[in-house]
file data_25.cif (mmCIF, C-alpha atoms)
data_upload
#
loop_
_atom_site.label_atom_id
_atom_site.label_comp_id
_atom_site.auth_asym_id
_atom_site.auth_seq_id
_atom_site.Cartn_x
_atom_site.Cartn_y
_atom_site.Cartn_z
CA MET A 66 408.01 165.24 192.89
CA THR A 67 410.27 164.73 189.89
CA GLU A 68 409.37 162.41 187.03
CA ALA A 69 412.10 159.96 188.08
CA SER A 70 410.86 159.83 191.68
CA GLN A 71 407.31 159.28 190.44
CA VAL A 72 408.47 156.31 188.38
CA ARG A 73 410.27 154.85 191.40
CA ALA A 74 407.20 155.33 193.58
CA VAL A 75 404.95 153.61 191.04
CA ALA A 76 407.42 150.73 190.68
CA GLY A 77 407.66 150.35 194.46
CA ALA A 78 403.89 150.30 194.80
CA ALA A 79 403.63 147.68 192.08
CA ARG A 80 406.06 145.42 193.91
CA ARG A 81 404.23 145.72 197.24
CA PRO A 82 401.87 142.74 197.66
CA ARG A 83 398.16 143.30 198.02
CA PRO A 84 396.76 143.07 201.57
CA ILE A 85 395.12 139.73 200.81
CA ALA A 86 398.45 138.34 199.57
CA THR A 87 400.21 139.57 202.71
CA ALA A 88 397.52 137.98 204.87
CA ARG A 89 397.94 134.65 203.09
CA ARG A 90 401.70 134.78 203.63
CA LEU A 91 401.34 135.48 207.35
CA VAL A 92 398.77 132.73 207.80
CA ALA A 93 401.05 130.33 205.91
CA GLU A 94 403.93 131.22 208.24
CA THR A 95 401.68 130.68 211.26
CA ILE A 96 400.55 127.29 210.00
CA GLY A 97 404.06 126.21 209.05
CA THR A 98 405.53 127.19 212.41
CA PHE A 99 402.61 125.54 214.21
CA TRP A 100 403.37 122.30 212.36
CA LEU A 101 407.09 122.54 213.10
CA VAL A 102 406.62 123.02 216.84
CA LEU A 103 403.77 120.54 217.16
CA GLY A 104 405.57 117.89 215.13
CA GLY A 105 409.06 118.32 216.52
CA CYS A 106 408.30 119.11 220.15
CA GLY A 107 405.34 116.74 220.05
CA ALA A 108 407.63 113.91 219.04
CA ALA A 109 409.96 114.78 221.93
CA VAL A 110 407.19 115.05 224.54
CA LEU A 111 404.85 112.25 223.43
CA ALA A 112 406.98 109.70 221.61
CA ALA A 113 410.46 109.89 223.13
CA GLY A 114 411.81 109.08 226.57
CA THR A 115 412.57 105.87 228.43
CA SER A 116 409.04 105.60 229.83
CA VAL A 117 407.42 105.58 226.37
CA PRO A 118 406.79 102.14 224.82
CA GLY A 119 408.65 101.96 221.51
CA SER A 120 410.38 105.29 222.14
CA ILE A 121 411.63 106.95 218.97
CA GLY A 122 414.66 108.38 220.78
CA LEU A 123 417.01 111.12 219.63
CA VAL A 124 417.08 109.97 216.01
CA GLY A 125 413.29 109.91 215.81
CA VAL A 126 412.93 113.39 217.26
CA SER A 127 415.57 114.70 214.86
CA LEU A 128 413.70 113.22 211.92
CA ALA A 129 410.43 114.66 213.18
CA PHE A 130 411.81 118.20 213.11
CA GLY A 131 413.26 117.68 209.64
CA LEU A 132 410.01 116.20 208.34
CA THR A 133 407.96 119.15 209.57
CA VAL A 134 410.01 121.58 207.51
CA PHE A 135 410.16 119.23 204.53
CA THR A 136 406.38 118.72 204.40
CA MET A 137 405.33 122.31 205.08
CA ALA A 138 407.87 123.70 202.63
CA PHE A 139 405.99 121.78 199.95
CA ALA A 140 402.55 122.61 201.39
CA VAL A 141 402.81 126.38 201.90
CA GLY A 142 406.36 127.36 200.95
CA PHE A 143 405.18 128.69 197.59
CA ILE A 144 402.91 131.13 199.46
CA SER A 145 405.23 132.59 202.10
CA GLY A 146 408.67 131.26 201.25
CA GLY A 147 408.51 128.72 204.08
CA HIS A 148 410.58 130.49 206.74
CA PHE A 149 408.81 129.20 209.90
CA ASN A 150 411.64 130.70 211.96
CA PRO A 151 412.51 134.29 212.99
CA ALA A 152 416.23 133.57 212.53
CA VAL A 153 415.62 132.42 208.96
CA SER A 154 413.59 135.55 208.20
CA LEU A 155 416.33 137.77 209.65
CA GLY A 156 419.09 135.97 207.77
CA LEU A 157 417.21 136.20 204.48
CA THR A 158 416.59 139.90 205.08
CA ILE A 159 420.28 140.59 205.69
CA ALA A 160 421.19 138.49 202.65
CA GLY A 161 418.92 140.66 200.51
CA ARG A 162 416.44 137.86 199.78
CA PHE A 163 413.54 139.20 201.85
CA PRO A 164 412.11 142.75 202.27
CA ALA A 165 412.84 144.29 205.66
CA ARG A 166 409.36 145.82 205.82
CA ASP A 167 407.85 142.32 206.04
CA LEU A 168 410.17 141.07 208.79
CA PRO A 169 408.11 142.17 211.85
CA GLY A 170 404.92 140.59 210.49
CA TYR A 171 406.67 137.30 209.75
CA VAL A 172 408.26 137.14 213.20
CA LEU A 173 404.92 137.81 214.88
CA ALA A 174 403.17 135.16 212.77
CA GLN A 175 405.87 132.63 213.62
CA LEU A 176 405.58 133.37 217.33
CA VAL A 177 401.81 132.95 217.18
CA GLY A 178 402.24 129.61 215.43
CA GLY A 179 404.78 128.39 218.00
CA ILE A 180 402.63 129.43 220.96
CA LEU A 181 399.45 127.90 219.51
CA ALA A 182 401.31 124.65 218.82
CA SER A 183 402.62 124.57 222.39
CA ALA A 184 399.08 125.08 223.70
CA ALA A 185 397.81 122.22 221.53
CA LEU A 186 400.67 119.99 222.65
CA ALA A 187 400.01 120.80 226.31
CA ALA A 188 396.39 119.74 225.83
CA LEU A 189 397.41 116.50 224.13
CA ALA A 190 400.10 115.61 226.67
CA SER A 191 397.74 116.28 229.57
CA GLY A 192 395.42 113.57 228.27
CA THR A 193 397.27 110.91 230.26
CA ALA A 194 397.05 110.61 234.03
CA GLY A 195 399.97 111.93 236.01
CA PHE A 196 401.52 114.11 233.30
CA ASP A 197 403.39 117.04 234.84
CA LEU A 198 404.13 119.64 232.20
CA VAL A 199 406.79 121.50 234.20
CA ALA A 200 408.51 118.36 235.47
CA SER A 201 408.59 116.89 231.95
CA GLY A 202 410.57 119.86 230.63
CA PHE A 203 408.07 120.07 227.75
CA ALA A 204 410.92 119.96 225.19
CA ALA A 205 412.06 123.41 226.33
CA ASN A 206 415.58 124.49 225.47
CA GLY A 207 418.05 124.84 228.31
CA TYR A 208 421.67 124.89 229.41
CA GLY A 209 423.54 124.05 232.59
CA ALA A 210 421.32 121.99 234.89
CA HIS A 211 418.63 121.99 232.19
CA SER A 212 420.87 120.73 229.40
CA PRO A 213 420.32 117.03 228.57
CA GLY A 214 424.10 116.55 228.67
CA GLY A 215 424.92 119.18 231.29
CA TYR A 216 426.48 121.60 228.80
CA SER A 217 427.25 125.20 229.78
CA ALA A 218 425.62 128.38 228.51
CA ALA A 219 428.76 129.21 226.51
CA THR A 220 428.66 125.85 224.76
CA ALA A 221 424.95 126.17 224.04
CA PHE A 222 425.45 129.68 222.62
CA LEU A 223 428.29 128.54 220.38
CA ALA A 224 426.34 125.53 219.14
CA GLU A 225 423.22 127.55 218.41
CA ALA A 226 425.12 130.29 216.58
CA ILE A 227 427.20 127.90 214.46
CA LEU A 228 424.35 125.56 213.60
CA THR A 229 421.96 128.38 212.74
CA ALA A 230 424.60 129.90 210.47
CA GLY A 231 425.01 126.53 208.79
CA PHE A 232 421.25 126.16 208.43
CA LEU A 233 420.97 129.60 206.80
CA THR A 234 423.80 128.76 204.42
CA VAL A 235 421.97 125.61 203.32
CA ILE A 236 418.74 127.59 202.85
CA LEU A 237 420.44 130.35 200.86
CA GLY A 238 422.23 127.85 198.64
CA ALA A 239 419.30 125.48 198.17
CA THR A 240 416.97 128.33 197.19
CA ASP A 241 419.43 130.06 194.89
CA GLU A 242 418.08 130.25 191.33
CA ARG A 243 421.08 128.23 190.13
CA SER A 244 420.23 125.32 192.46
CA PRO A 245 417.62 122.66 191.53
CA ALA A 246 414.45 124.13 193.08
CA ALA A 247 412.71 120.76 193.49
CA PHE A 248 415.33 119.60 196.00
CA ALA A 249 415.26 122.68 198.24
CA PRO A 250 412.68 121.36 200.76
CA LEU A 251 414.53 118.04 201.01
CA SER A 252 417.94 119.57 201.59
CA ILE A 253 416.57 122.05 204.14
CA GLY A 254 414.66 119.34 205.99
CA LEU A 255 417.69 117.06 206.08
CA ALA A 256 419.85 119.94 207.30
CA LEU A 257 417.48 120.50 210.22
CA THR A 258 417.55 116.76 210.97
CA LEU A 259 421.34 116.81 211.04
CA ILE A 260 421.36 119.86 213.33
CA HIS A 261 419.15 118.05 215.84
CA LEU A 262 421.29 114.92 215.71
CA ILE A 263 424.24 117.08 216.70
CA SER A 264 422.79 119.34 219.34
CA ILE A 265 419.84 117.72 221.13
CA PRO A 266 422.27 116.52 223.85
CA ILE A 267 423.55 120.09 224.26
CA ASP A 268 420.36 122.10 224.73
CA ASN A 269 417.46 120.21 223.08
CA THR A 270 418.21 122.20 219.89
CA SER A 271 416.60 125.50 219.06
CA VAL A 272 418.07 127.31 216.00
CA ASN A 273 414.57 128.83 216.02
CA PRO A 274 413.42 131.44 218.56
CA ALA A 275 409.73 130.73 217.86
CA ARG A 276 410.25 127.03 218.60
CA SER A 277 411.94 127.98 221.90
CA THR A 278 409.41 130.60 222.97
CA GLY A 279 406.28 128.44 222.84
CA PRO A 280 407.41 125.69 225.24
CA ALA A 281 409.20 128.19 227.51
CA LEU A 282 405.98 130.12 228.08
CA PHE A 283 404.28 126.96 229.35
CA VAL A 284 407.17 125.73 231.48
CA GLY A 285 407.91 129.18 232.93
CA GLY A 286 410.60 129.61 235.59
CA TRP A 287 413.98 128.41 234.41
CA ALA A 288 412.86 128.06 230.77
CA LEU A 289 411.87 131.71 230.56
CA SER A 290 415.01 132.86 232.37
CA GLN A 291 417.18 131.02 229.81
CA LEU A 292 415.11 131.97 226.75
CA TRP A 293 417.35 134.96 225.96
CA LEU A 294 420.11 132.64 224.74
CA PHE A 295 417.78 130.90 222.30
CA TRP A 296 416.94 134.23 220.72
CA LEU A 297 420.35 135.89 220.76
CA ALA A 298 422.46 132.95 219.56
CA PRO A 299 420.29 131.90 216.57
CA LEU A 300 419.81 135.52 215.47
CA THR A 301 423.56 136.10 215.72
CA GLY A 302 424.33 133.04 213.62
CA ALA A 303 421.66 133.97 211.09
CA ALA A 304 423.01 137.52 210.77
CA VAL A 305 426.54 136.27 210.12
CA ALA A 306 425.31 133.78 207.51
CA GLY A 307 423.18 136.48 205.88
CA LEU A 308 426.16 138.80 205.54
CA LEU A 309 428.32 136.02 204.14
CA GLY A 310 425.53 134.93 201.82
CA ARG A 311 425.29 138.35 200.21
CA TRP A 312 428.81 137.80 198.90
CA LEU A 313 428.95 134.02 198.52
CA PHE A 314 425.76 133.69 196.47
CA ALA A 315 426.17 136.87 194.45
CA HIS A 316 425.65 136.43 190.72
CA THR A 317 428.25 137.64 188.24
CA ASP A 318 429.06 136.76 184.66
CA GLU A 319 432.10 134.85 185.88
CA ASP A 320 430.14 132.64 188.30
CA GLN A 321 430.49 129.05 187.15
CA SER A 322 431.27 126.00 189.23
CA PRO A 323 434.36 124.11 188.03
CA GLY A 324 432.61 120.84 188.95
CA PRO A 325 431.69 118.20 189.75
CA ILE A 326 428.50 120.02 190.81
CA GLY A 327 427.77 122.95 188.53
CA ASP A 328 424.98 124.94 186.98
CA THR A 329 425.64 123.87 183.37
CA PRO A 330 422.46 122.59 181.68
CA VAL A 331 422.41 118.84 181.15
CA GLU A 332 422.08 119.31 177.40
CA MET A 333 425.41 121.11 177.33
CA LEU A 334 427.04 118.26 179.21
CA VAL A 335 425.91 115.54 176.80
CA GLY A 336 425.78 117.36 173.49
CA ASP A 337 427.67 119.85 171.39
CA ASP A 338 427.95 123.12 173.29
CA ARG A 339 427.83 125.30 170.22
CA THR A 340 424.77 123.54 168.80
CA PHE A 341 422.91 123.94 172.10
CA ALA A 342 423.89 127.60 172.37
CA GLU A 343 422.47 128.21 168.90
CA GLY A 344 419.12 126.70 169.90
CA GLY A 345 419.70 123.26 168.40
CA ARG A 346 419.68 119.79 169.92
CA ALA A 347 422.50 117.31 170.31
#
call {"tool": "encode", "arguments": {"input": "data_25.cif", "output": "structure tokens"}}
result
Amino acid sequence: MTEASQVRAVAGAARRPRPIATARRLVAETIGTFWLVLGGCGAAVLAAGTSVPGSIGLVGVSLAFGLTVFTMAFAVGFISGGHFNPAVSLGLTIAGRFPARDLPGYVLAQLVGGILASAALAALASGTAGFDLVASGFAANGYGAHSPGGYSAATAFLAEAILTAGFLTVILGATDERSPAAFAPLSIGLALTLIHLISIPIDNTSVNPARSTGPALFVGGWALSQLWLFWLAPLTGAAVAGLLGRWLFAHTDEDQSPGPIGDTPVEMLVGDDRTFAEGGRA
């Protein structure tokens, strides 16, 4: 081994997280995805519908999904990055923001979280007499006869791909080092709320294969037979957004927004630019 290759090997080993750090990240992803599926699908199963007193309706379910991401991004996002979604992990990998070697572990952790949340939700929902999990739909994603609005598979695929691409673009932009970091969870949570407001009537909204897989496993039948779409479409949209993001969010010396939203420090906007550049104050 040459001296240069030895240096690269040492540097690569230094960047690889310790096993305990990796374990914490995977547990954080499991917890975050559990919260997303329990909160979002739980709101749809337990608190929405015409038979529920004080039903929260479509708007309430949309907010529930957005709030799950918003709250868990603050709670555990600093540990794992707050993906909670295989499509997000794939898109970040393609965009160069996430190491490919960690992708399988994250996807597995997210699936475990989604399945555990679905099991917990099934136990909660079954606490009332007469609840039929399969007949209820259990917030599973579907198209055709199983679409809330009767939309086709082609429409569902297009919606899932476009909305997942939009979601990834928001995530890539909100977490860019030039964007205000404190607002990232809020913007991502609101983006997911908006996505649900648009597409719940189409297919109950996925944009997240882990969210789709958990309920489908409990419903079985039609939900499992249609699950392929809610993997393929979000992953396709995420891959496209990841490729675009590599170029769109690239950093060069010439990168500078012309306004009104830019990355110029506030001090430079209100004071003398030259004084600030020299380390002084306006």
call {"tool": "closest_atom_pairs", "arguments": {"input": "data_25.cif", "of": "segment 162-254 of chain A", "to": "segment 145-149 of chain A", "cutoff": "12 Å", "atoms": "all atoms listed in the file", "output": "CSV"}}
result
residue,atom,partner,partner_atom,distance
A:Arg162,CA,A:Gly146,CA,10.3
A:Phe163,CA,A:Gly146,CA,9.3
A:Asp167,CA,A:Ser145,CA,10.8
A:Leu168,CA,A:His148,CA,10.8
A:Gly170,CA,A:Ser145,CA,11.6
A:Tyr171,CA,A:Phe149,CA,8.4
A:Val172,CA,A:Phe149,CA,8.6
A:Leu173,CA,A:Phe149,CA,10.7
A:Ala174,CA,A:Phe149,CA,8.7
A:Gln175,CA,A:Phe149,CA,5.9
A:Leu176,CA,A:Phe149,CA,9.1
A:Val177,CA,A:Phe149,CA,10.8
A:Gly178,CA,A:Phe149,CA,8.6
A:Gly179,CA,A:Phe149,CA,9.1
A:Phe232,CA,A:His148,CA,11.6
A:Leu233,CA,A:His148,CA,10.4
A:Ile236,CA,A:His148,CA,9.5
A:Leu237,CA,A:His148,CA,11.5
A:Thr240,CA,A:Gly146,CA,9.7
A:Ala249,CA,A:Gly147,CA,10.8
A:Pro250,CA,A:Gly147,CA,9.1
A:Ile253,CA,A:Gly147,CA,10.5
A:Gly254,CA,A:Gly147,CA,11.4
call {"tool": "closest_residue", "arguments": {"input": "data_25.cif", "among": "A:Phe130, A:Trp296, A:Phe248, A:Phe203", "to": "Ala221 of chain A", "atoms": "only C-alpha atoms"}}
result
A:Trp296
call {"tool": "resolve_selection", "arguments": {"input": "data_25.cif", "expression": "the PyMOL selection byres ((chain A and resi 102) around 9)", "output": "MDAnalysis selection string"}}
result
chainID A and resid 97:101 103:107 130 133 178:180 182:183 186 275:277 279:280
call {"tool": "resolve_selection", "arguments": {"input": "data_25.cif", "expression": "the PyMOL selection byres ((chain A and resi 255-265) around 7)", "output": "PyMOL selection string"}}
result
chain A and resi 123-124+127-128+130-131+228+232+251-254+266-270
call {"tool": "residues_around", "arguments": {"input": "data_25.cif", "residues": "Val199 of chain A", "least_positions_apart": "6", "cutoff": "8 Å", "atoms": "only C-alpha atoms", "output": "number ranges by chain"}}
result
A: 283-285
call {"tool": "closest_residue", "arguments": {"input": "data_25.cif", "among": "A:Ala315, A:Leu309, A:Ala165, A:Leu297", "to": "Glu242 of chain A", "atoms": "only C-alpha atoms"}}
result
A:Ala315
call {"tool": "residues_around", "arguments": {"input": "data_25.cif", "residues": "Thr234 of chain A", "least_positions_apart": "4", "cutoff": "9 Å", "atoms": "only C-alpha atoms", "output": "ChimeraX atom specification"}}
result
/A:229-230,238-239,303,306-307,309-310
call {"tool": "write_last_selection", "arguments": {"input": "data_25.cif", "atoms": "C-alpha atoms", "output": "PDB file, in the coordinates of the input"}}
result
ATOM      1  CA  THR A 229     421.960 128.380 212.740  1.00  0.00           C
ATOM      2  CA  ALA A 230     424.600 129.900 210.470  1.00  0.00           C
ATOM      3  CA  GLY A 238     422.230 127.850 198.640  1.00  0.00           C
ATOM      4  CA  ALA A 239     419.300 125.480 198.170  1.00  0.00           C
ATOM      5  CA  ALA A 303     421.660 133.970 211.090  1.00  0.00           C
ATOM      6  CA  ALA A 306     425.310 133.780 207.510  1.00  0.00           C
ATOM      7  CA  GLY A 307     423.180 136.480 205.880  1.00  0.00           C
ATOM      8  CA  LEU A 309     428.320 136.020 204.140  1.00  0.00           C
ATOM      9  CA  GLY A 310     425.530 134.930 201.820  1.00  0.00           C
TER      10      GLY A 310
END
call {"tool": "closest_residue", "arguments": {"input": "data_25.cif", "among": "A:Ala288, A:Ala129, A:Ala190, A:Ala298", "to": "Leu223 of chain A", "atoms": "all atoms listed in the file"}}
result
A:Ala298
call {"tool": "closest_residue", "arguments": {"input": "data_25.cif", "among": "A:Trp293, A:Ala112, A:Phe222, A:Pro274", "to": "Val126 of chain A", "atoms": "only C-alpha atoms"}}
result
A:Ala112
call {"tool": "closest_residue", "arguments": {"input": "data_25.cif", "among": "A:Val110, A:Ile85, A:Ile96, A:Leu308", "to": "Ala200 of chain A", "atoms": "only C-alpha atoms"}}
result
A:Val110
call {"tool": "residues_around", "arguments": {"input": "data_25.cif", "residues": "Ala219 of chain A", "least_positions_apart": "4", "cutoff": "10 Å", "atoms": "all atoms listed in the file", "output": "ChimeraX atom specification"}}
result
/A:208-209,223-225,294
call {"tool": "axis_aligned_box", "arguments": {"input": "data_25.cif", "around": "segment 162-165 of chain A", "padding_each_side": "4 Å", "output": "JSON"}}
result
{"center_x": 414.3, "center_y": 141.1, "center_z": 202.7, "size_x": 12.3, "size_y": 14.4, "size_z": 13.9}
call {"tool": "closest_residue", "arguments": {"input": "data_25.cif", "among": "A:Ile227, A:Leu289, A:Ala184, A:Leu132", "to": "His211 of chain A", "atoms": "only C-alpha atoms"}}
result
A:Leu289
call {"tool": "atom_distance", "arguments": {"input": "data_25.cif", "atom1": "atom CA of Arg243 of chain A", "atom2": "atom CA of Val92 of chain A"}}
result
28.8 Å
call {"tool": "atom_distance", "arguments": {"input": "data_25.cif", "atom1": "atom CA of Ser217 of chain A", "atom2": "atom CA of Thr301 of chain A"}}
result
18.2 Å
call {"tool": "atom_distance", "arguments": {"input": "data_25.cif", "atom1": "atom CA of Leu313 of chain A", "atom2": "atom CA of Val153 of chain A"}}
result
17.0 Å
call {"tool": "build_atoms", "arguments": {"input": "data_25.cif", "residues": "segment 144-155 of chain A", "atoms": "all heavy atoms", "output": "mmCIF file, in the coordinates of the input"}}
result
data_model
loop_
_atom_site.group_PDB
_atom_site.id
_atom_site.type_symbol
_atom_site.label_atom_id
_atom_site.label_comp_id
_atom_site.auth_asym_id
_atom_site.auth_seq_id
_atom_site.Cartn_x
_atom_site.Cartn_y
_atom_site.Cartn_z
ATOM 1 N N ILE A 144 403.700 129.958 199.068
ATOM 2 C CA ILE A 144 402.910 131.130 199.460
ATOM 3 C C ILE A 144 403.775 132.145 200.197
ATOM 4 O O ILE A 144 403.789 133.329 199.866
ATOM 5 C CB ILE A 144 401.724 130.710 200.355
ATOM 6 C CG1 ILE A 144 400.783 129.774 199.595
ATOM 7 C CG2 ILE A 144 400.961 131.943 200.847
ATOM 8 C CD1 ILE A 144 399.662 129.207 200.452
ATOM 9 N N SER A 145 404.492 131.670 201.220
ATOM 10 C CA SER A 145 405.230 132.590 202.100
ATOM 11 C C SER A 145 406.739 132.499 201.976
ATOM 12 O O SER A 145 407.460 133.341 202.516
ATOM 13 C CB SER A 145 404.849 132.305 203.556
ATOM 14 O OG SER A 145 405.338 131.038 203.960
ATOM 15 N N GLY A 146 407.233 131.493 201.298
ATOM 16 C CA GLY A 146 408.670 131.260 201.250
ATOM 17 C C GLY A 146 409.109 130.196 202.227
ATOM 18 O O GLY A 146 410.233 129.713 202.156
ATOM 19 N N GLY A 147 408.220 129.821 203.159
ATOM 20 C CA GLY A 147 408.510 128.720 204.080
ATOM 21 C C GLY A 147 409.622 129.019 205.060
ATOM 22 O O GLY A 147 410.525 128.211 205.236
ATOM 23 N N HIS A 148 409.564 130.161 205.748
ATOM 24 C CA HIS A 148 410.580 130.490 206.740
ATOM 25 C C HIS A 148 410.374 129.694 208.035
ATOM 26 O O HIS A 148 411.277 129.014 208.503
ATOM 27 C CB HIS A 148 410.556 131.982 207.072
ATOM 28 C CG HIS A 148 410.812 132.866 205.908
ATOM 29 N ND1 HIS A 148 411.001 134.231 206.048
ATOM 30 C CD2 HIS A 148 410.910 132.622 204.578
ATOM 31 C CE1 HIS A 148 411.202 134.771 204.860
ATOM 32 N NE2 HIS A 148 411.135 133.819 203.956
ATOM 33 N N PHE A 149 409.217 129.890 208.668
ATOM 34 C CA PHE A 149 408.810 129.200 209.900
ATOM 35 C C PHE A 149 409.805 129.421 211.048
ATOM 36 O O PHE A 149 409.896 128.589 211.953
ATOM 37 C CB PHE A 149 408.643 127.690 209.673
ATOM 38 C CG PHE A 149 407.936 127.312 208.410
ATOM 39 C CD1 PHE A 149 408.315 126.187 207.683
ATOM 40 C CD2 PHE A 149 406.870 128.077 207.927
ATOM 41 C CE1 PHE A 149 407.657 125.832 206.519
ATOM 42 C CE2 PHE A 149 406.206 127.728 206.750
ATOM 43 C CZ PHE A 149 406.606 126.597 206.040
ATOM 44 N N ASN A 150 410.532 130.525 211.021
ATOM 45 C CA ASN A 150 411.640 130.700 211.960
ATOM 46 C C ASN A 150 412.108 132.157 211.901
ATOM 47 O O ASN A 150 412.540 132.619 210.834
ATOM 48 C CB ASN A 150 412.775 129.747 211.559
ATOM 49 C CG ASN A 150 413.967 129.789 212.483
ATOM 50 O OD1 ASN A 150 414.186 130.748 213.210
ATOM 51 N ND2 ASN A 150 414.775 128.747 212.423
ATOM 52 N N PRO A 151 412.051 132.908 213.015
ATOM 53 C CA PRO A 151 412.510 134.290 212.990
ATOM 54 C C PRO A 151 413.973 134.445 212.559
ATOM 55 O O PRO A 151 414.328 135.439 211.908
ATOM 56 C CB PRO A 151 412.317 134.761 214.433
ATOM 57 C CG PRO A 151 411.227 133.892 214.968
ATOM 58 C CD PRO A 151 411.444 132.560 214.320
ATOM 59 N N ALA A 152 414.814 133.483 212.930
ATOM 60 C CA ALA A 152 416.230 133.570 212.530
ATOM 61 C C ALA A 152 416.371 133.434 211.024
ATOM 62 O O ALA A 152 417.194 134.120 210.406
ATOM 63 C CB ALA A 152 417.039 132.473 213.246
ATOM 64 N N VAL A 153 415.582 132.576 210.416
ATOM 65 C CA VAL A 153 415.620 132.420 208.960
ATOM 66 C C VAL A 153 415.168 133.717 208.287
ATOM 67 O O VAL A 153 415.792 134.195 207.334
ATOM 68 C CB VAL A 153 414.740 131.242 208.512
ATOM 69 C CG1 VAL A 153 414.575 131.235 206.987
ATOM 70 C CG2 VAL A 153 415.348 129.926 208.977
ATOM 71 N N SER A 154 414.089 134.295 208.781
ATOM 72 C CA SER A 154 413.590 135.550 208.200
ATOM 73 C C SER A 154 414.634 136.660 208.314
ATOM 74 O O SER A 154 414.846 137.421 207.367
ATOM 75 C CB SER A 154 412.295 135.973 208.881
ATOM 76 O OG SER A 154 411.267 135.018 208.663
ATOM 77 N N LEU A 155 415.292 136.754 209.471
ATOM 78 C CA LEU A 155 416.330 137.770 209.650
ATOM 79 C C LEU A 155 417.501 137.522 208.707
ATOM 80 O O LEU A 155 418.000 138.453 208.051
ATOM 81 C CB LEU A 155 416.819 137.785 211.090
ATOM 82 C CG LEU A 155 417.983 138.746 211.376
ATOM 83 C CD1 LEU A 155 417.534 140.193 211.216
ATOM 84 C CD2 LEU A 155 418.557 138.508 212.773
#
